[in-house]
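As stored in coords_1.cif (mmCIF, C-alpha atoms):
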data_final
#
loop_
_atom_site.label_atom_id
_atom_site.label_comp_id
_atom_site.auth_asym_id
_atom_site.auth_seq_id
_atom_site.Cartn_x
_atom_site.Cartn_y
_atom_site.Cartn_z
CA MET K 648 -44.87 64.67 25.68
CA ALA K 649 -42.53 62.76 27.94
CA SER K 650 -38.93 63.82 27.71
CA LEU K 651 -36.21 61.35 26.82
CA LYS K 652 -35.03 61.30 30.40
CA ASP K 653 -38.51 60.44 31.67
CA MET K 654 -38.68 57.57 29.24
CA ARG K 655 -35.33 56.23 30.28
CA THR K 656 -36.46 56.24 33.91
CA ARG K 657 -39.68 54.51 32.95
CA ILE K 658 -37.85 51.76 31.10
CA ALA K 659 -35.47 51.27 34.00
CA SER K 660 -38.36 50.95 36.42
CA VAL K 661 -40.18 48.37 34.31
CA LYS K 662 -36.94 46.44 34.05
CA ALA K 663 -36.62 46.43 37.81
CA THR K 664 -40.19 45.18 38.14
CA ARG K 665 -39.48 42.40 35.68
CA LYS K 666 -36.54 41.30 37.78
CA ILE K 667 -38.71 41.17 40.88
CA THR K 668 -41.51 39.18 39.25
CA LYS K 669 -39.00 36.82 37.72
CA ALA K 670 -37.43 36.21 41.12
CA MET K 671 -40.84 35.67 42.70
CA GLN K 672 -41.70 33.17 40.03
CA MET K 673 -38.57 31.18 40.71
CA VAL K 674 -39.10 31.26 44.45
CA ALA K 675 -42.68 30.08 43.95
CA ALA K 676 -41.48 27.26 41.72
CA ALA K 677 -39.08 26.05 44.40
CA LYS K 678 -41.69 26.32 47.11
CA LEU K 679 -44.24 24.62 44.94
CA ARG K 680 -42.09 21.54 44.68
CA ARG K 681 -41.74 21.36 48.43
CA ALA K 682 -45.45 21.90 48.97
CA GLN K 683 -46.27 19.20 46.46
CA GLU K 684 -43.95 16.79 48.19
CA ALA K 685 -45.58 17.53 51.53
CA ALA K 686 -49.03 16.98 50.07
CA HIS K 687 -47.87 13.76 48.51
CA ALA K 688 -46.33 12.50 51.75
CA ALA K 689 -49.52 13.16 53.67
CA ARG K 690 -51.64 11.11 51.32
CA PRO K 691 -51.08 7.58 52.73
CA TYR K 692 -52.34 8.56 56.18
CA ALA K 693 -55.50 10.14 54.82
CA GLN K 694 -56.13 7.18 52.54
CA ARG K 695 -55.80 4.66 55.36
CA MET K 696 -58.05 6.76 57.51
CA ASP K 697 -60.68 6.86 54.78
CA GLN K 698 -60.44 3.12 54.33
CA ILE K 699 -60.94 2.33 57.99
CA LEU K 700 -63.74 4.83 58.26
CA ALA K 701 -65.51 3.48 55.21
CA ASN K 702 -65.09 0.00 56.56
CA LEU K 703 -66.57 0.89 59.92
CA ASN K 704 -69.33 2.90 58.38
CA SER K 705 -70.48 0.07 56.17
CA ARG K 706 -70.49 -2.31 59.12
CA LEU K 707 -72.59 -0.20 61.41
CA ALA K 708 -76.04 -1.68 61.43
CA SER K 709 -77.81 1.42 62.61
CA LYS K 710 -76.57 4.89 63.06
CA GLU K 711 -78.84 5.57 65.98
CA GLY K 712 -77.13 6.98 69.01
CA MET K 713 -73.95 7.53 67.06
CA SER K 714 -71.73 10.51 67.58
CA PRO K 715 -73.28 13.75 66.29
CA LEU K 716 -70.09 14.14 64.29
CA LEU K 717 -71.46 11.48 61.98
CA VAL K 718 -75.22 11.87 62.10
CA GLY K 719 -75.40 15.59 62.79
CA THR K 720 -77.26 17.42 65.49
CA GLY K 721 -80.63 16.70 63.96
CA LYS K 722 -81.05 20.18 62.56
CA GLU K 723 -79.13 22.39 60.22
CA ASP K 724 -79.94 25.92 61.19
CA THR K 725 -76.48 27.24 61.82
CA HIS K 726 -73.66 26.75 59.37
CA LEU K 727 -70.01 27.27 60.07
CA LEU K 728 -67.88 28.10 57.09
CA ILE K 729 -64.18 27.53 57.46
CA VAL K 730 -62.61 29.62 54.75
CA MET K 731 -58.99 28.73 54.15
CA THR K 732 -56.86 31.06 52.07
CA ALA K 733 -53.26 32.09 51.71
CA GLU K 734 -51.36 34.51 53.88
CA ARG K 735 -50.06 36.54 50.99
CA GLY K 736 -51.38 38.04 47.83
CA LEU K 737 -49.80 38.40 44.40
CA CYS K 738 -50.96 34.97 43.36
CA GLY K 739 -53.53 35.76 40.71
CA GLY K 740 -57.11 34.92 41.49
CA PHE K 741 -56.26 32.28 44.05
CA ASN K 742 -57.58 33.98 47.17
CA SER K 743 -60.51 35.74 45.57
CA ASN K 744 -61.66 32.50 43.95
CA ILE K 745 -61.92 30.80 47.32
CA SER K 746 -63.66 33.79 48.86
CA ARG K 747 -66.04 34.00 45.93
CA ARG K 748 -66.97 30.35 46.32
CA ALA K 749 -67.65 30.92 50.02
CA ARG K 750 -69.61 34.09 49.28
CA GLN K 751 -71.90 32.25 46.88
CA ASP K 752 -72.72 29.73 49.55
CA ILE K 753 -73.20 32.38 52.21
CA ARG K 754 -75.73 34.14 50.00
CA ARG K 755 -77.52 30.88 49.29
CA LEU K 756 -77.64 29.92 52.97
CA VAL K 757 -78.77 33.34 54.10
CA ALA K 758 -81.49 33.32 51.46
CA ALA K 759 -82.64 29.97 52.84
CA GLY K 760 -82.98 31.53 56.27
CA LYS K 761 -79.98 29.85 57.90
CA THR K 762 -77.57 31.46 60.28
CA VAL K 763 -74.04 31.69 58.96
CA LYS K 764 -70.87 31.86 60.98
CA ILE K 765 -67.40 32.16 59.53
CA LEU K 766 -63.98 31.08 60.65
CA THR K 767 -61.18 32.31 58.47
CA VAL K 768 -57.82 30.65 58.20
CA GLY K 769 -55.20 32.80 56.57
CA ARG K 770 -55.09 36.55 56.38
CA LYS K 771 -56.35 37.07 52.85
CA GLY K 772 -59.68 35.38 53.40
CA PHE K 773 -60.28 37.55 56.42
CA ASP K 774 -59.45 40.69 54.47
CA ASN K 775 -61.76 39.64 51.66
CA LEU K 776 -64.77 38.76 53.75
CA ARG K 777 -64.41 41.31 56.49
CA ARG K 778 -66.07 44.12 54.57
CA ASP K 779 -69.35 42.30 54.02
CA TYR K 780 -69.53 39.85 56.88
CA THR K 781 -67.80 41.41 59.88
CA ARG K 782 -70.47 40.28 62.26
CA GLN K 783 -70.50 36.70 61.04
CA ILE K 784 -66.77 36.17 61.42
CA LEU K 785 -66.32 34.42 64.74
CA ASP K 786 -62.62 34.03 64.69
CA ARG K 787 -59.59 34.15 62.48
CA ILE K 788 -56.52 32.01 62.49
CA ASP K 789 -53.32 33.31 61.02
CA LEU K 790 -50.56 31.07 59.86
CA LYS K 791 -48.21 33.91 59.14
CA GLY K 792 -45.34 32.74 61.29
CA VAL K 793 -45.59 29.17 60.07
CA LYS K 794 -42.70 28.21 57.83
CA GLN K 795 -43.42 24.55 57.32
CA LEU K 796 -47.01 23.44 57.73
CA GLY K 797 -47.25 20.71 60.30
CA PHE K 798 -50.06 18.54 61.52
CA VAL K 799 -49.95 20.62 64.70
CA ASN K 800 -51.41 23.55 62.79
CA ALA K 801 -54.30 21.45 61.58
CA GLU K 802 -54.88 20.06 65.06
CA GLU K 803 -55.10 23.56 66.45
CA ILE K 804 -57.82 24.49 64.00
CA ALA K 805 -59.63 21.21 64.56
CA GLU K 806 -59.63 21.74 68.31
CA LYS K 807 -61.15 25.15 67.87
CA VAL K 808 -63.83 23.76 65.59
CA MET K 809 -64.56 20.88 67.94
CA ALA K 810 -64.85 23.18 70.94
CA MET K 811 -67.33 25.31 69.05
CA PHE K 812 -69.28 22.26 67.98
CA GLU K 813 -69.47 20.88 71.48
CA ALA K 814 -70.65 24.25 72.72
CA GLY K 815 -73.50 23.94 70.23
CA GLN K 816 -72.46 26.96 68.22
CA PHE K 817 -73.22 25.38 64.87
CA ASP K 818 -74.81 22.34 63.27
CA VAL K 819 -72.96 21.97 59.99
CA ALA K 820 -69.35 22.77 59.24
CA THR K 821 -68.00 23.18 55.74
CA MET K 822 -64.42 23.80 54.74
CA TYR K 823 -63.51 25.98 51.77
CA TYR K 824 -60.17 25.48 50.19
CA SER K 825 -58.59 25.20 46.81
CA GLU K 826 -58.05 21.78 45.37
CA PHE K 827 -54.71 21.46 43.66
CA GLN K 828 -55.29 19.89 40.28
CA ASN K 829 -52.12 20.94 38.56
CA VAL K 830 -49.84 23.92 38.48
CA ILE K 831 -52.20 26.02 36.37
CA THR K 832 -55.55 24.83 37.71
CA GLN K 833 -56.77 25.19 41.24
CA LYS K 834 -60.37 24.47 41.92
CA PRO K 835 -62.11 26.18 44.82
CA THR K 836 -63.85 23.41 46.69
CA ALA K 837 -66.31 23.07 49.55
CA LEU K 838 -66.02 20.03 51.79
CA GLN K 839 -68.47 19.22 54.53
CA LEU K 840 -66.69 18.26 57.74
CA ILE K 841 -69.51 17.95 60.26
CA PRO K 842 -71.54 15.81 59.99
CA ALA K 843 -68.90 13.75 58.26
CA LYS K 844 -69.61 12.54 54.77
CA LEU K 845 -68.17 9.06 54.76
CA PRO K 846 -67.70 7.12 51.60
CA GLU K 847 -70.31 4.39 51.67
CA LYS K 848 -68.67 1.19 50.66
CA ALA K 849 -70.01 0.10 47.33
CA GLU K 850 -71.44 -3.38 47.18
CA GLY K 851 -68.20 -5.05 46.29
CA THR K 852 -67.24 -8.55 45.36
CA GLN K 853 -67.19 -11.42 47.83
CA ALA K 854 -63.48 -11.00 48.32
CA ALA K 855 -63.80 -7.38 49.32
CA LYS K 856 -66.43 -8.29 51.85
CA ALA K 857 -64.36 -11.05 53.39
CA GLU K 858 -61.53 -8.59 53.86
CA ALA K 859 -63.71 -6.22 55.77
CA ILE K 860 -64.12 -8.51 58.76
CA TYR K 861 -62.09 -6.98 61.50
CA GLU K 862 -62.18 -7.32 65.19
CA TYR K 863 -62.39 -4.05 67.00
CA GLU K 864 -60.68 -3.16 70.18
CA PRO K 865 -62.32 -1.38 71.98
CA SER K 866 -65.82 -1.43 70.49
CA GLU K 867 -66.61 -0.30 66.96
CA GLU K 868 -68.60 2.66 68.18
CA GLU K 869 -65.78 3.90 70.36
CA ILE K 870 -63.18 3.58 67.64
CA LEU K 871 -65.44 5.27 65.15
CA GLY K 872 -66.00 8.11 67.59
CA GLN K 873 -62.27 8.61 68.03
CA LEU K 874 -61.57 8.29 64.35
CA LEU K 875 -64.20 10.85 63.46
CA LYS K 876 -62.53 13.41 65.69
CA ARG K 877 -59.17 12.68 64.20
CA ASN K 878 -60.61 12.71 60.74
CA ILE K 879 -61.55 16.37 61.09
CA ALA K 880 -57.95 17.28 61.79
CA THR K 881 -56.80 15.09 58.91
CA GLN K 882 -59.19 16.72 56.47
CA ILE K 883 -58.19 20.19 57.61
CA PHE K 884 -54.55 19.23 57.23
CA ARG K 885 -55.25 18.06 53.72
CA GLY K 886 -56.98 21.32 52.92
CA LEU K 887 -54.04 23.29 54.25
CA LEU K 888 -51.54 21.33 52.21
CA GLU K 889 -53.59 21.55 49.02
CA ASN K 890 -53.92 25.26 49.59
CA ALA K 891 -50.20 25.66 50.13
CA ALA K 892 -49.42 23.88 46.88
CA GLY K 893 -52.16 25.74 45.03
CA GLU K 894 -51.00 29.10 46.29
CA GLN K 895 -47.50 28.55 45.00
CA GLY K 896 -48.80 27.22 41.70
CA ALA K 897 -51.06 30.21 41.25
CA ARG K 898 -48.28 32.60 42.16
CA MET K 899 -45.95 30.95 39.72
CA THR K 900 -48.42 31.37 36.86
CA ALA K 901 -49.28 34.93 37.84
CA MET K 902 -45.64 35.94 38.08
CA ASP K 903 -44.83 34.25 34.79
CA ASN K 904 -47.52 36.36 33.15
CA ALA K 905 -46.26 39.49 34.85
CA THR K 906 -42.70 38.82 33.70
CA ARG K 907 -43.80 38.34 30.14
CA ASN K 908 -45.96 41.43 30.29
CA ALA K 909 -43.06 43.49 31.57
CA GLY K 910 -40.91 42.21 28.71
CA ASP K 911 -43.50 43.31 26.14
CA MET K 912 -43.77 46.68 27.79
CA ILE K 913 -40.01 47.19 27.73
CA ASN K 914 -39.93 46.41 24.02
CA LYS K 915 -42.67 48.88 23.28
CA LEU K 916 -41.14 51.59 25.39
CA THR K 917 -37.72 51.06 23.84
CA ILE K 918 -39.12 51.47 20.33
CA LYS K 919 -40.91 54.61 21.38
CA TYR K 920 -37.77 55.91 23.04
CA ASN K 921 -35.63 55.30 19.94
CA ARG K 922 -38.15 57.03 17.68
CA GLN K 923 -38.27 60.00 19.96
CA ARG K 924 -34.50 60.19 20.04
CA GLN K 925 -34.22 60.07 16.25
CA ALA K 926 -36.89 62.71 15.91
CA ASN K 927 -34.97 64.92 18.28
CA ILE K 928 -31.74 64.46 16.32
CA THR K 929 -33.48 65.21 13.03
CA LYS K 930 -35.02 68.30 14.54
CA GLU K 931 -31.68 69.54 15.80
CA LEU K 932 -30.06 68.88 12.40
CA ILE K 933 -32.77 70.85 10.63
CA GLU K 934 -32.27 73.68 13.04
CA ILE K 935 -28.52 73.74 12.40
CA ILE K 936 -28.89 73.50 8.63
CA SER K 937 -31.55 76.15 8.40
CA GLY K 938 -29.45 78.31 10.70
CA ALA K 939 -26.43 77.90 8.39
CA GLU K 940 -28.54 78.68 5.30
CA ALA K 941 -29.85 81.85 6.86
CA LEU K 942 -26.36 83.23 7.17
CA MET E 285 -42.90 -19.31 62.85
CA ALA E 286 -40.25 -17.27 61.17
CA GLY E 287 -42.57 -15.56 58.68
CA THR E 288 -42.27 -11.85 58.14
CA PHE E 289 -44.99 -9.39 57.42
CA LYS E 290 -45.14 -5.87 56.12
CA ILE E 291 -45.21 -3.03 58.59
CA GLU E 292 -46.08 0.55 57.80
CA LEU E 293 -45.82 3.36 60.26
CA VAL E 294 -47.68 6.38 58.97
CA SER E 295 -47.88 9.82 60.52
CA PRO E 296 -50.15 12.52 59.13
CA GLU E 297 -47.13 14.19 57.59
CA ARG E 298 -45.39 11.26 55.98
CA VAL E 299 -44.70 7.54 55.91
CA LEU E 300 -42.11 7.02 58.59
CA LEU E 301 -41.34 3.41 58.21
CA SER E 302 -42.20 0.86 55.61
CA GLY E 303 -40.57 -2.50 55.81
CA GLU E 304 -40.64 -6.07 57.00
CA ALA E 305 -40.83 -7.32 60.54
CA THR E 306 -41.10 -10.66 62.27
CA GLU E 307 -42.65 -9.47 65.48
CA VAL E 308 -44.17 -6.21 66.66
CA VAL E 309 -45.43 -5.38 70.13
CA VAL E 310 -48.26 -2.88 69.90
CA PRO E 311 -49.50 -0.87 72.88
CA GLY E 312 -53.25 -1.36 72.37
CA LEU E 313 -55.79 0.60 74.35
CA GLU E 314 -56.83 -2.53 76.17
CA GLY E 315 -53.38 -3.95 76.68
CA ASP E 316 -50.22 -4.66 74.73
CA PHE E 317 -50.42 -7.28 72.06
CA THR E 318 -47.84 -8.89 69.87
CA VAL E 319 -48.40 -9.18 66.16
CA LEU E 320 -46.82 -12.04 64.25
CA ALA E 321 -47.29 -12.96 60.62
CA GLY E 322 -50.76 -14.32 59.98
CA HIS E 323 -52.45 -12.43 62.78
CA ALA E 324 -56.24 -12.20 62.64
CA PRO E 325 -57.57 -8.87 61.37
CA VAL E 326 -57.92 -6.35 64.18
CA ILE E 327 -58.37 -2.63 64.36
CA SER E 328 -57.29 -1.24 67.66
CA ALA E 329 -56.88 2.17 69.20
CA LEU E 330 -53.49 2.79 70.78
CA ARG E 331 -52.58 4.13 74.16
CA PRO E 332 -49.35 6.05 74.69
CA GLY E 333 -46.58 3.50 74.87
CA ILE E 334 -43.68 1.89 73.14
CA LEU E 335 -43.92 0.18 69.82
CA ASP E 336 -41.35 -2.57 69.65
CA ILE E 337 -40.50 -3.67 66.11
CA ARG E 338 -38.26 -6.67 65.56
CA ASP E 339 -37.00 -8.02 62.30
CA GLY E 340 -34.84 -11.02 63.01
CA SER E 341 -32.16 -9.69 65.29
CA SER E 342 -32.58 -5.98 64.60
CA ARG E 343 -34.91 -4.09 66.84
CA ARG E 344 -36.42 -0.63 66.77
CA ARG E 345 -38.33 1.01 69.54
CA ILE E 346 -40.64 3.92 68.88
CA TYR E 347 -42.69 5.86 71.37
CA VAL E 348 -46.20 6.61 70.08
CA ARG E 349 -48.75 8.89 71.65
CA GLY E 350 -52.19 7.89 70.47
CA GLY E 351 -53.23 6.50 67.13
CA PHE E 352 -54.62 3.37 65.55
CA ALA E 353 -53.32 0.02 64.46
CA GLU E 354 -54.81 -1.96 61.64
CA VAL E 355 -53.73 -5.56 61.51
CA ASP E 356 -54.41 -8.08 58.80
CA PRO E 357 -52.64 -11.37 58.10
CA THR E 358 -50.01 -9.88 55.81
CA GLN E 359 -49.71 -6.34 56.99
CA LEU E 360 -49.65 -4.10 60.02
CA THR E 361 -50.47 -0.44 59.53
CA ILE E 362 -50.04 2.02 62.34
CA LEU E 363 -51.56 5.43 62.08
CA ALA E 364 -49.84 7.47 64.74
CA GLN E 365 -50.11 11.09 65.59
CA ASN E 366 -47.06 11.83 67.65
CA LEU E 367 -44.06 9.63 67.70
CA VAL E 368 -40.45 9.63 68.76
CA ASP E 369 -37.94 7.14 67.44
CA ILE E 370 -36.11 6.16 70.59
CA GLY E 371 -32.89 5.17 68.86
CA ALA E 372 -32.61 8.43 66.93
CA ALA E 373 -34.42 10.97 69.05
CA ALA E 374 -33.12 14.49 69.46
CA PRO E 375 -32.08 15.15 73.06
CA GLY E 376 -35.02 17.41 73.90
CA GLN E 377 -37.69 15.25 72.32
CA ILE E 378 -38.14 12.72 75.08
CA ALA E 379 -38.08 15.42 77.72
CA ALA E 380 -40.75 17.29 75.78
CA GLU E 381 -42.91 14.19 75.60
CA LEU E 382 -42.45 13.73 79.34
CA GLN E 383 -43.78 17.20 79.88
CA VAL E 384 -46.80 16.49 77.68
CA ALA E 385 -47.50 13.34 79.66
CA GLU E 386 -47.27 15.21 82.94
CA GLN E 387 -49.68 17.79 81.65
CA MET E 388 -52.03 15.01 80.61
CA LEU E 389 -51.90 13.62 84.11
CA ALA E 390 -52.52 17.01 85.66
CA SER E 391 -55.48 17.80 83.44
CA ALA E 392 -57.07 14.34 83.43
CA THR E 393 -60.56 14.50 84.82
CA ASP E 394 -61.50 10.83 85.01
CA ASP E 395 -59.85 7.57 85.91
CA ALA E 396 -59.45 6.47 82.31
CA GLY E 397 -57.57 9.66 81.48
CA ARG E 398 -55.34 9.34 84.52
CA LEU E 399 -54.60 5.75 83.66
CA LEU E 400 -53.54 6.68 80.13
CA ALA E 401 -51.34 9.49 81.37
CA ASN E 402 -49.74 7.18 83.89
CA ASP E 403 -48.99 4.67 81.17
CA ALA E 404 -47.38 7.37 79.09
CA LEU E 405 -45.23 8.47 82.00
CA ALA E 406 -44.19 4.94 82.85
CA ALA E 407 -43.23 4.20 79.25
CA LEU E 408 -41.22 7.39 78.94
CA LYS E 409 -39.47 6.89 82.23
CA SER E 410 -38.44 3.40 81.23
CA ILE E 411 -36.69 4.90 78.21
CA ASP E 412 -34.89 7.47 80.30
CA THR E 413 -33.47 4.97 82.75
CA ARG E 414 -32.34 2.75 79.92
CA ALA E 415 -30.61 5.63 78.21
CA ALA E 416 -28.85 6.56 81.43
CA ALA E 417 -27.74 3.00 82.14
#
Please re-express this file's structure in structure tokens.
Amino acid sequence: MASLKDMRTRIASVKATRKITKAMQMVAAAKLRRAQEAAHAARPYAQRMDQILANLNSRLASKEGMSPLLVGTGKEDTHLLIVMTAERGLCGGFNSNISRRARQDIRRLVAAGKTVKILTVGRKGFDNLRRDYTRQILDRIDLKGVKQLGFVNAEEIAEKVMAMFEAGQFDVATMYYSEFQNVITQKPTALQLIPAKLPEKAEGTQAAKAEAIYEYEPSEEEILGQLLKRNIATQIFRGLLENAAGEQGARMTAMDNATRNAGDMINKLTIKYNRQRQANITKELIEIISGAEAL
Amino acid sequence: MAGTFKIELVSPERVLLSGEATEVVVPGLEGDFTVLAGHAPVISALRPGILDIRDGSSRRRIYVRGGFAEVDPTQLTILAQNLVDIGAAAPGQIAAELQVAEQMLASATDDAGRLLANDALAALKSIDTRAAA
């Protein structure tokens, strides 16, 4: 049986933990707001990019001879999985959900006889996948020192991916990240980057079609080629931002749960402690009384 | 024509400028062009150069390094990757861009690349002299 002193120490330690989780929750809440703002601010660029791409894509008569970024290399034997996770843990199932999603696909691809290569972004994904897939991990990118995510970070990753693609190291690239739906829900998502999946323009009204007549300078093919390259960086940037927001959201929820849990535990321990104390007092009283009676 | 049109300058990180303008000079890949209200729809790639935005008498000059411009009769959208607002640039920014341009020139492998890098240098140097004057 734990002594009263042990119990007091235990309660104090749980209280300290509660303070820490509470602080982490508040920090996450503040960071979440900033991350959400960043994700929001980045949206117009991506939307415009999508629009122009969709426009160009619907205008191209034939895709023959187009950049392999759009039509692919003609085979799909080697897959590159870009697994993007957070740098830190203590955010519930956030990191393991992304890794699990990637793992599922790896198993499926391997079963289908494809070669799988992995590029991890963020430390946690690397730690998660390293045990099973050491040989498949080509490279890892850490964003540990990065305070505010910038487009530069995305460009860096995109350049790496492009260099690998041009060297013929893979045929299909897919990005794994967590889509930020709201503070409580993050959905692990896979997005194919190469060959690019462009939104085909739906057969719209006459007005929409009239709007789509642009002149291109230089040629359509050249612009599309350039845009496709840039689009990879844009998509990666989007993934990074969504992840950043999702991570903070997940941490906030996890820490909220932990704080509440610690509170419950303190209550229970306090009750137990008080009972024990009363029992001790009663015992001592009985000892004194029976001692006095014996005289 | 004194009509104004909407201009939006968008970087991957945020919308930098959203407002009205009467006249904008855009450094297109195949030469500078001026956009006025009612311009025919064009999508053009940009070369490094100076974007000159005028609204009546006020004028803003912004250095852009690469990007795209989408023009339609009522709106001009510029998707730019790297940009420096010349009026409000931090002291080191222009110097840093100069370095980037010099690197571009040094690493250019073909004439087209060298030409672009030269343009970037020329544009940046024109800013510097103006600032000094």
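Between chain K and the residues E:Glu386, E:Asp336, E:Glu354, E:Asp316, the shortest atom-to-atom distance, using all atoms listed in the file, involves E:Glu354.
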List as a PyMOL selection string: which residues have an atom within 10 Å of (-45.7, -18.2, 59.0), counting all atoms listed in the file?
chain E and resi 285-289+306+320-323+357-358
The PyMOL selection byres ((chain E) within 8 of (chain K)) on the file shown: which residues, as a VMD selection string?
chain E and resid 294 to 299 312 to 314 324 to 329 363
Residue IDs satisfying the PyMOL selection byres ((chain K and resi 733) around 6), as a PyMOL selection string
chain K and resi 732+734-735+769+771
Atom-to-atom span, atom CA of K:Arg680 and atom CA of K:Glu889, Å
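Between these atoms lies a distance of 12.3 Å.
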Could you jot down the atom CA of K:Ala820 to atom CA of K:Arg770 separation for me, Å, one decimal place?
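Spanning atom CA of K:Ala820 to atom CA of K:Arg770 is a straight-line distance of 20.0 Å.
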